[in-house]
Amino acid sequence: MADWDRIQQRGRVEDRRGRPAVAVGGASLGMLALVVIFSLVTGTDPTPILEGISPDARSNARPVGTEDPQYSGLDDYELYVAQVTGSADMMWEEEFREAGLEYRPPQTVLFRQATESGCGGAHSQTGPHYCPADETIYLDETFFDELTTRYGARGGEVAQAYVLAHEVGHHVQTLLGANRRVTSNEASIALELQADCYAGVWAKYVEDADVITVEEVDQAIDAAAAVGDDRIQQRTTGRINPESWTHGSSAQRKQWFLTGFNSGDPDQCEVR
Ligand SMILES: [Zn+2]
């Protein structure tokens with residue numbers, strides 16, 4: 001079992017899960033209200049339509065200004081996220097110091113359904129992502145249920161940690177200015193594969209520190225493969241169209257994760 005308590009450092013985490021969701025498009029509270037009004041007008045039962053939105057959209061429908069007391073303190077999930085991002089921060093601090101650079105840790109925002117972000121709003125359907133404008137990772141952990149049910153990943157704590165380490169990888173790219181050079185799909189895939197490689201370097205780092213076992217690294221490899229563009233397309237459309245890829249194939253994502261893991265060296269992550 002992964003032993004996250006071995007990690008001393010804590011990442012910067014802001015918990016917004018207890019807040020009522022902010023409408024930023026998609027299944028917002030406003031949309032929920034419209035569905036209910038539509039149902040009142042037409043006399044239809046709103047339940048099936050609400051079911052189609054998402055269970056969280058309903059459970060999050062609290063009066064504005066009230067906080068869900070479930071998230072008022074530091075719960076296990078928030079601690080876990082702070083530990084995982086803390087371990088990535090520790091690793092990158094070292095790497096930056098060796099290169100004579102200064103590392104600035106990212107912020108991680110936990111939210112449910114939707115929240116405001118420096119990139120025009122974060123939505124749970126987008127999945128975990130990094131916004132360079134405010135140097136913040138946005139994470140709605142309900143995505144991980146989808147990772148297992150929809151994308152067929154085995155899941156697990158280390159699989160989720162890989163996703164976080166990948167997002168910290170995008171932060172590093174921002175600090176190094178790598179993301180400014182992206183002008184094509186191909187370049188965007190290169191950045192994604194580099195972030196997977198960085199996540200592999202992180203996996204090596206926490207495995208060396210006895211936080212995770214080498215068997216658990218398989219969880220991360222499995223998750224990397226599950227979010228390959230070809231696998232996602234196969235599952236969602238039944239067709240594979242490399243022209244529209246944004247993250248790389250399952251094989252590529254796995255390969256670059258392993259390049260990072262086997263070398264333990266971010267300098268090996270230059271994807272061309
Ligand atoms: Zn990414």
# chains A, B, ... in the order shown; residues from 1 in each chain; ligands from 1
call {"tool": "closest_atom_pairs", "arguments": {"of": "chain A", "to": "ligand 1", "cutoff": "12 Å", "atoms": "only C-alpha atoms and all ligand atoms", "output": "tab-separated table"}}
result
residue	atom	partner	partner_atom_place_in_ligand_line	distance
A:Thr126	CA	ligand 1	1 (Zn)	11.3
A:Gly127	CA	ligand 1	1 (Zn)	10.0
A:Pro128	CA	ligand 1	1 (Zn)	8.6
A:His129	CA	ligand 1	1 (Zn)	6.7
A:Tyr130	CA	ligand 1	1 (Zn)	7.6
A:Cys131	CA	ligand 1	1 (Zn)	10.6
A:Pro132	CA	ligand 1	1 (Zn)	11.8
A:Ile137	CA	ligand 1	1 (Zn)	10.7
A:Tyr138	CA	ligand 1	1 (Zn)	11.9
A:Tyr162	CA	ligand 1	1 (Zn)	11.1
A:Val163	CA	ligand 1	1 (Zn)	8.4
A:Leu164	CA	ligand 1	1 (Zn)	9.7
A:Ala165	CA	ligand 1	1 (Zn)	9.9
A:His166	CA	ligand 1	1 (Zn)	6.3
A:Glu167	CA	ligand 1	1 (Zn)	6.1
A:Val168	CA	ligand 1	1 (Zn)	9.3
A:Gly169	CA	ligand 1	1 (Zn)	8.1
A:His170	CA	ligand 1	1 (Zn)	6.6
A:His171	CA	ligand 1	1 (Zn)	10.0
A:Val172	CA	ligand 1	1 (Zn)	11.8
A:Gln173	CA	ligand 1	1 (Zn)	10.7
A:Asn179	CA	ligand 1	1 (Zn)	11.3
A:Ser188	CA	ligand 1	1 (Zn)	9.0
A:Ile189	CA	ligand 1	1 (Zn)	8.8
A:Ala190	CA	ligand 1	1 (Zn)	10.1
A:Leu191	CA	ligand 1	1 (Zn)	7.5
A:Glu192	CA	ligand 1	1 (Zn)	4.8
A:Leu193	CA	ligand 1	1 (Zn)	8.0
A:Gln194	CA	ligand 1	1 (Zn)	8.9
A:Ala195	CA	ligand 1	1 (Zn)	6.4
A:Asp196	CA	ligand 1	1 (Zn)	7.7
A:Cys197	CA	ligand 1	1 (Zn)	11.0
A:Tyr198	CA	ligand 1	1 (Zn)	10.9
A:Ala199	CA	ligand 1	1 (Zn)	10.5
A:Ala224	CA	ligand 1	1 (Zn)	10.7
A:Val227	CA	ligand 1	1 (Zn)	10.1
A:Gly228	CA	ligand 1	1 (Zn)	11.0
A:Asp229	CA	ligand 1	1 (Zn)	11.8
A:Thr246	CA	ligand 1	1 (Zn)	9.0
A:His247	CA	ligand 1	1 (Zn)	6.9
A:Gly248	CA	ligand 1	1 (Zn)	10.2
A:Arg253	CA	ligand 1	1 (Zn)	10.6
call {"tool": "residues_around", "arguments": {"residues": "Gly11 (chain A)", "least_positions_apart": "5", "cutoff": "7 Å", "atoms": "only C-alpha atoms", "output": "mmCIF file with C-alpha atoms, in the first residue's frame"}}
result
data_model
loop_
_atom_site.group_PDB
_atom_site.id
_atom_site.type_symbol
_atom_site.label_atom_id
_atom_site.label_comp_id
_atom_site.auth_asym_id
_atom_site.auth_seq_id
_atom_site.Cartn_x
_atom_site.Cartn_y
_atom_site.Cartn_z
ATOM 1 C CA ALA A 82 -1.508 17.980 -0.579
ATOM 2 C CA GLN A 83 0.877 15.057 -0.028
ATOM 3 C CA THR A 85 1.533 17.549 -4.959
ATOM 4 C CA GLY A 86 3.958 18.122 -2.063
ATOM 5 C CA ASP A 89 7.078 20.000 -5.449
#
call {"tool": "residues_around", "arguments": {"residues": "region 217-222 of chain A", "least_positions_apart": "4", "cutoff": "8 Å", "atoms": "only C-alpha atoms", "output": "list in words"}}
result
Ala153, Arg154, Gly155, Gly156, Val158, Ala159, Gln160, Ala161, Tyr162, Ala203, Ile212, Thr213, Ala226, Lys254, Phe257 and Leu258 of chain A
call {"tool": "atom_distance", "arguments": {"atom1": "CA of Val214 (chain A)", "atom2": "CA of Arg12 (chain A)"}}
result
27.1 Å
call {"tool": "closest_residue", "arguments": {"among": "A:Glu14, A:Asp145, A:Glu135, A:Asp230", "to": "Ser72 (chain A)", "atoms": "only C-alpha atoms"}}
result
A:Glu14
call {"tool": "closest_residue", "arguments": {"among": "A:Ala187, A:Phe111, A:Ala209, A:Asp76", "to": "Val271 (chain A)", "atoms": "only C-alpha atoms"}}
result
A:Ala187
call {"tool": "residues_around", "arguments": {"residues": "Val22 (chain A)", "least_positions_apart": "3", "cutoff": "7 Å", "atoms": "only C-alpha atoms", "output": "PDB file with N, CA and C atoms, in the first residue's frame"}}
result
ATOM      1  N   ALA A 114     -18.397  22.886 -10.987  1.00  0.00           N
ATOM      2  CA  ALA A 114     -17.842  24.014 -11.738  1.00  0.00           C
ATOM      3  C   ALA A 114     -17.305  25.065 -10.788  1.00  0.00           C
ATOM      4  N   THR A 115     -16.265  25.754 -11.237  1.00  0.00           N
ATOM      5  CA  THR A 115     -15.712  26.848 -10.439  1.00  0.00           C
ATOM      6  C   THR A 115     -15.030  27.848 -11.359  1.00  0.00           C
ATOM      7  N   GLU A 116     -14.773  29.051 -10.861  1.00  0.00           N
ATOM      8  CA  GLU A 116     -14.094  30.054 -11.689  1.00  0.00           C
ATOM      9  C   GLU A 116     -12.603  29.727 -11.729  1.00  0.00           C
TER      10      GLU A 116
END
call {"tool": "residues_around", "arguments": {"residues": "Asp265 (chain A)", "least_positions_apart": "6", "cutoff": "10 Å", "atoms": "only C-alpha atoms", "output": "list of chain:residue names"}}
result
A:Glu95, A:Cys197, A:Tyr198, A:Gly200, A:Val201, A:Trp202, A:Lys204, A:Tyr205, A:Thr259
call {"tool": "closest_residue", "arguments": {"among": "A:Pro242, A:Gly118, A:Pro106, A:Gly152", "to": "Thr174 (chain A)", "atoms": "only C-alpha atoms"}}
result
A:Pro106
call {"tool": "select_by_dssp", "arguments": {"residues": "region 86-197 of chain A", "states": "alpha helix (DSSP H)", "output": "VMD selection string"}}
result
chain A and resid 86 to 98 143 to 149 157 to 176 185 to 197
call {"tool": "write_last_selection", "arguments": {"atoms": "C-alpha atoms", "output": "mmCIF file, in the first residue's frame"}}
result
data_model
loop_
_atom_site.group_PDB
_atom_site.id
_atom_site.type_symbol
_atom_site.label_atom_id
_atom_site.label_comp_id
_atom_site.auth_asym_id
_atom_site.auth_seq_id
_atom_site.Cartn_x
_atom_site.Cartn_y
_atom_site.Cartn_z
ATOM 1 C CA GLY A 86 3.958 18.122 -2.063
ATOM 2 C CA SER A 87 6.087 15.189 -3.228
ATOM 3 C CA ALA A 88 6.116 16.550 -6.795
ATOM 4 C CA ASP A 89 7.078 20.000 -5.449
ATOM 5 C CA MET A 90 9.946 18.466 -3.461
ATOM 6 C CA MET A 91 11.257 16.712 -6.542
ATOM 7 C CA TRP A 92 11.017 19.761 -8.785
ATOM 8 C CA GLU A 93 12.551 22.050 -6.147
ATOM 9 C CA GLU A 94 15.612 19.793 -6.232
ATOM 10 C CA GLU A 95 15.722 19.675 -10.033
ATOM 11 C CA PHE A 96 15.362 23.448 -10.357
ATOM 12 C CA ARG A 97 17.987 24.094 -7.665
ATOM 13 C CA GLU A 98 20.473 21.871 -9.504
ATOM 14 C CA PHE A 143 -13.529 12.446 -12.721
ATOM 15 C CA PHE A 144 -11.704 9.426 -11.344
ATOM 16 C CA ASP A 145 -14.932 7.440 -11.199
ATOM 17 C CA GLU A 146 -15.162 8.129 -14.926
ATOM 18 C CA LEU A 147 -11.586 7.034 -15.429
ATOM 19 C CA THR A 148 -12.604 3.599 -14.212
ATOM 20 C CA THR A 149 -16.195 3.340 -15.475
ATOM 21 C CA GLU A 157 -4.628 6.091 -5.446
ATOM 22 C CA VAL A 158 -1.456 5.824 -7.497
ATOM 23 C CA ALA A 159 -3.402 6.187 -10.761
ATOM 24 C CA GLN A 160 -4.895 9.418 -9.428
ATOM 25 C CA ALA A 161 -1.496 10.555 -8.200
ATOM 26 C CA TYR A 162 -0.092 10.036 -11.708
ATOM 27 C CA VAL A 163 -2.734 12.421 -13.064
ATOM 28 C CA LEU A 164 -1.719 15.027 -10.470
ATOM 29 C CA ALA A 165 1.988 14.560 -11.243
ATOM 30 C CA HIS A 166 1.148 15.005 -14.956
ATOM 31 C CA GLU A 167 -0.585 18.325 -14.161
ATOM 32 C CA VAL A 168 2.396 19.481 -12.065
ATOM 33 C CA GLY A 169 4.411 18.615 -15.197
ATOM 34 C CA HIS A 170 2.389 21.203 -17.133
ATOM 35 C CA HIS A 171 3.186 23.722 -14.386
ATOM 36 C CA VAL A 172 6.900 23.003 -14.835
ATOM 37 C CA GLN A 173 6.514 23.539 -18.587
ATOM 38 C CA THR A 174 4.932 26.909 -17.814
ATOM 39 C CA LEU A 175 7.776 27.896 -15.478
ATOM 40 C CA LEU A 176 10.305 26.890 -18.141
ATOM 41 C CA ASN A 185 -1.521 19.769 -32.643
ATOM 42 C CA GLU A 186 1.775 17.966 -32.935
ATOM 43 C CA ALA A 187 3.456 20.382 -30.533
ATOM 44 C CA SER A 188 0.551 20.032 -28.105
ATOM 45 C CA ILE A 189 0.905 16.233 -28.134
ATOM 46 C CA ALA A 190 4.640 16.637 -27.495
ATOM 47 C CA LEU A 191 3.852 18.700 -24.382
ATOM 48 C CA GLU A 192 1.362 16.087 -23.161
ATOM 49 C CA LEU A 193 3.859 13.273 -23.640
ATOM 50 C CA GLN A 194 6.520 15.320 -21.876
ATOM 51 C CA ALA A 195 4.119 15.779 -18.929
ATOM 52 C CA ASP A 196 3.642 11.983 -18.883
ATOM 53 C CA CYS A 197 7.408 11.549 -18.897
#
call {"tool": "select_by_dssp", "arguments": {"residues": "region 87-266 of chain A", "states": "strand (DSSP E or B)", "output": "list in words"}}
result
Gln107, Thr108, Val109, Leu110, Ala114, Thr115, Ala122, His123, His129, Tyr130, Cys131, Thr136, Ile137, Tyr138 and Leu139 of chain A
call {"tool": "decode", "arguments": {"residues": "region 77-115 of chain A", "atoms": "N, CA and C atoms", "output": "CSV table (one decimal), in the first residue's frame"}}
result
chain,number,residue,atom,x,y,z
A,77,TYR,N,-9.0,13.3,1.7
A,77,TYR,CA,-8.7,13.5,0.2
A,77,TYR,C,-7.9,14.8,0.0
A,78,GLU,N,-8.2,15.8,0.8
A,78,GLU,CA,-7.5,17.0,0.7
A,78,GLU,C,-6.0,16.8,1.2
A,79,LEU,N,-5.9,16.0,2.2
A,79,LEU,CA,-4.5,15.7,2.7
A,79,LEU,C,-3.8,14.9,1.7
A,80,TYR,N,-4.4,13.9,1.1
A,80,TYR,CA,-3.8,13.1,0.0
A,80,TYR,C,-3.3,14.0,-1.1
A,81,VAL,N,-4.1,14.9,-1.6
A,81,VAL,CA,-3.8,15.7,-2.7
A,81,VAL,C,-2.6,16.6,-2.3
A,82,ALA,N,-2.6,17.1,-1.1
A,82,ALA,CA,-1.5,18.0,-0.6
A,82,ALA,C,-0.2,17.2,-0.5
A,83,GLN,N,-0.3,15.9,-0.1
A,83,GLN,CA,0.9,15.1,0.0
A,83,GLN,C,1.4,14.7,-1.4
A,84,VAL,N,0.5,14.4,-2.3
A,84,VAL,CA,1.0,14.0,-3.7
A,84,VAL,C,1.6,15.2,-4.4
A,85,THR,N,1.0,16.4,-4.3
A,85,THR,CA,1.5,17.5,-5.0
A,85,THR,C,2.8,18.0,-4.2
A,86,GLY,N,2.8,17.8,-2.9
A,86,GLY,CA,4.0,18.1,-2.1
A,86,GLY,C,5.2,17.3,-2.5
A,87,SER,N,5.0,16.0,-2.8
A,87,SER,CA,6.1,15.2,-3.2
A,87,SER,C,6.6,15.6,-4.6
A,88,ALA,N,5.7,16.0,-5.5
A,88,ALA,CA,6.1,16.5,-6.8
A,88,ALA,C,6.9,17.9,-6.6
A,89,ASP,N,6.4,18.7,-5.7
A,89,ASP,CA,7.1,20.0,-5.4
A,89,ASP,C,8.5,19.8,-4.9
A,90,MET,N,8.6,18.8,-4.0
A,90,MET,CA,9.9,18.5,-3.5
A,90,MET,C,10.9,18.1,-4.6
A,91,MET,N,10.4,17.2,-5.5
A,91,MET,CA,11.3,16.7,-6.5
A,91,MET,C,11.7,17.9,-7.5
A,92,TRP,N,10.7,18.7,-7.8
A,92,TRP,CA,11.0,19.8,-8.8
A,92,TRP,C,11.9,20.8,-8.2
A,93,GLU,N,11.7,21.1,-6.8
A,93,GLU,CA,12.6,22.1,-6.1
A,93,GLU,C,14.0,21.6,-6.3
A,94,GLU,N,14.3,20.3,-6.1
A,94,GLU,CA,15.6,19.8,-6.2
A,94,GLU,C,16.1,20.0,-7.6
A,95,GLU,N,15.3,19.6,-8.6
A,95,GLU,CA,15.7,19.7,-10.0
A,95,GLU,C,16.0,21.1,-10.4
A,96,PHE,N,15.2,22.0,-10.0
A,96,PHE,CA,15.4,23.4,-10.4
A,96,PHE,C,16.6,24.0,-9.7
A,97,ARG,N,16.8,23.6,-8.4
A,97,ARG,CA,18.0,24.1,-7.7
A,97,ARG,C,19.3,23.7,-8.4
A,98,GLU,N,19.3,22.4,-8.8
A,98,GLU,CA,20.5,21.9,-9.5
A,98,GLU,C,20.7,22.6,-10.8
A,99,ALA,N,19.7,23.1,-11.4
A,99,ALA,CA,19.8,23.9,-12.7
A,99,ALA,C,20.0,25.4,-12.4
A,100,GLY,N,20.1,25.7,-11.1
A,100,GLY,CA,20.3,27.2,-10.8
A,100,GLY,C,19.1,28.0,-11.0
A,101,LEU,N,17.9,27.3,-10.9
A,101,LEU,CA,16.6,28.0,-11.1
A,101,LEU,C,15.8,28.0,-9.8
A,102,GLU,N,14.8,28.8,-9.8
A,102,GLU,CA,13.9,28.8,-8.6
A,102,GLU,C,12.6,28.2,-9.0
A,103,TYR,N,12.1,27.3,-8.2
A,103,TYR,CA,10.8,26.6,-8.4
A,103,TYR,C,9.7,27.3,-7.6
A,104,ARG,N,8.6,27.6,-8.2
A,104,ARG,CA,7.5,28.1,-7.6
A,104,ARG,C,6.3,27.1,-7.6
A,105,PRO,N,5.9,26.6,-6.5
A,105,PRO,CA,4.9,25.5,-6.5
A,105,PRO,C,3.5,26.0,-7.1
A,106,PRO,N,2.8,25.1,-7.7
A,106,PRO,CA,1.5,25.4,-8.2
A,106,PRO,C,0.5,25.4,-7.1
A,107,GLN,N,-0.7,26.0,-7.4
A,107,GLN,CA,-1.8,25.9,-6.4
A,107,GLN,C,-2.7,24.7,-7.0
A,108,THR,N,-3.4,24.0,-6.1
A,108,THR,CA,-4.4,23.0,-6.6
A,108,THR,C,-5.7,23.4,-6.0
A,109,VAL,N,-6.7,23.5,-6.8
A,109,VAL,CA,-8.1,23.8,-6.4
A,109,VAL,C,-9.0,22.6,-6.5
A,110,LEU,N,-9.5,22.2,-5.4
A,110,LEU,CA,-10.5,21.1,-5.4
A,110,LEU,C,-11.9,21.7,-5.5
A,111,PHE,N,-12.7,21.1,-6.5
A,111,PHE,CA,-14.0,21.7,-6.6
A,111,PHE,C,-15.0,20.6,-7.0
A,112,ARG,N,-16.2,20.9,-7.0
A,112,ARG,CA,-17.3,20.0,-7.5
A,112,ARG,C,-18.1,20.8,-8.6
A,113,GLN,N,-18.3,20.1,-9.7
A,113,GLN,CA,-19.1,20.6,-10.8
A,113,GLN,C,-18.5,21.7,-11.6
A,114,ALA,N,-18.4,22.9,-11.0
A,114,ALA,CA,-17.8,24.0,-11.7
A,114,ALA,C,-17.3,25.1,-10.8
A,115,THR,N,-16.3,25.8,-11.2
A,115,THR,CA,-15.7,26.8,-10.4
A,115,THR,C,-15.0,27.8,-11.4
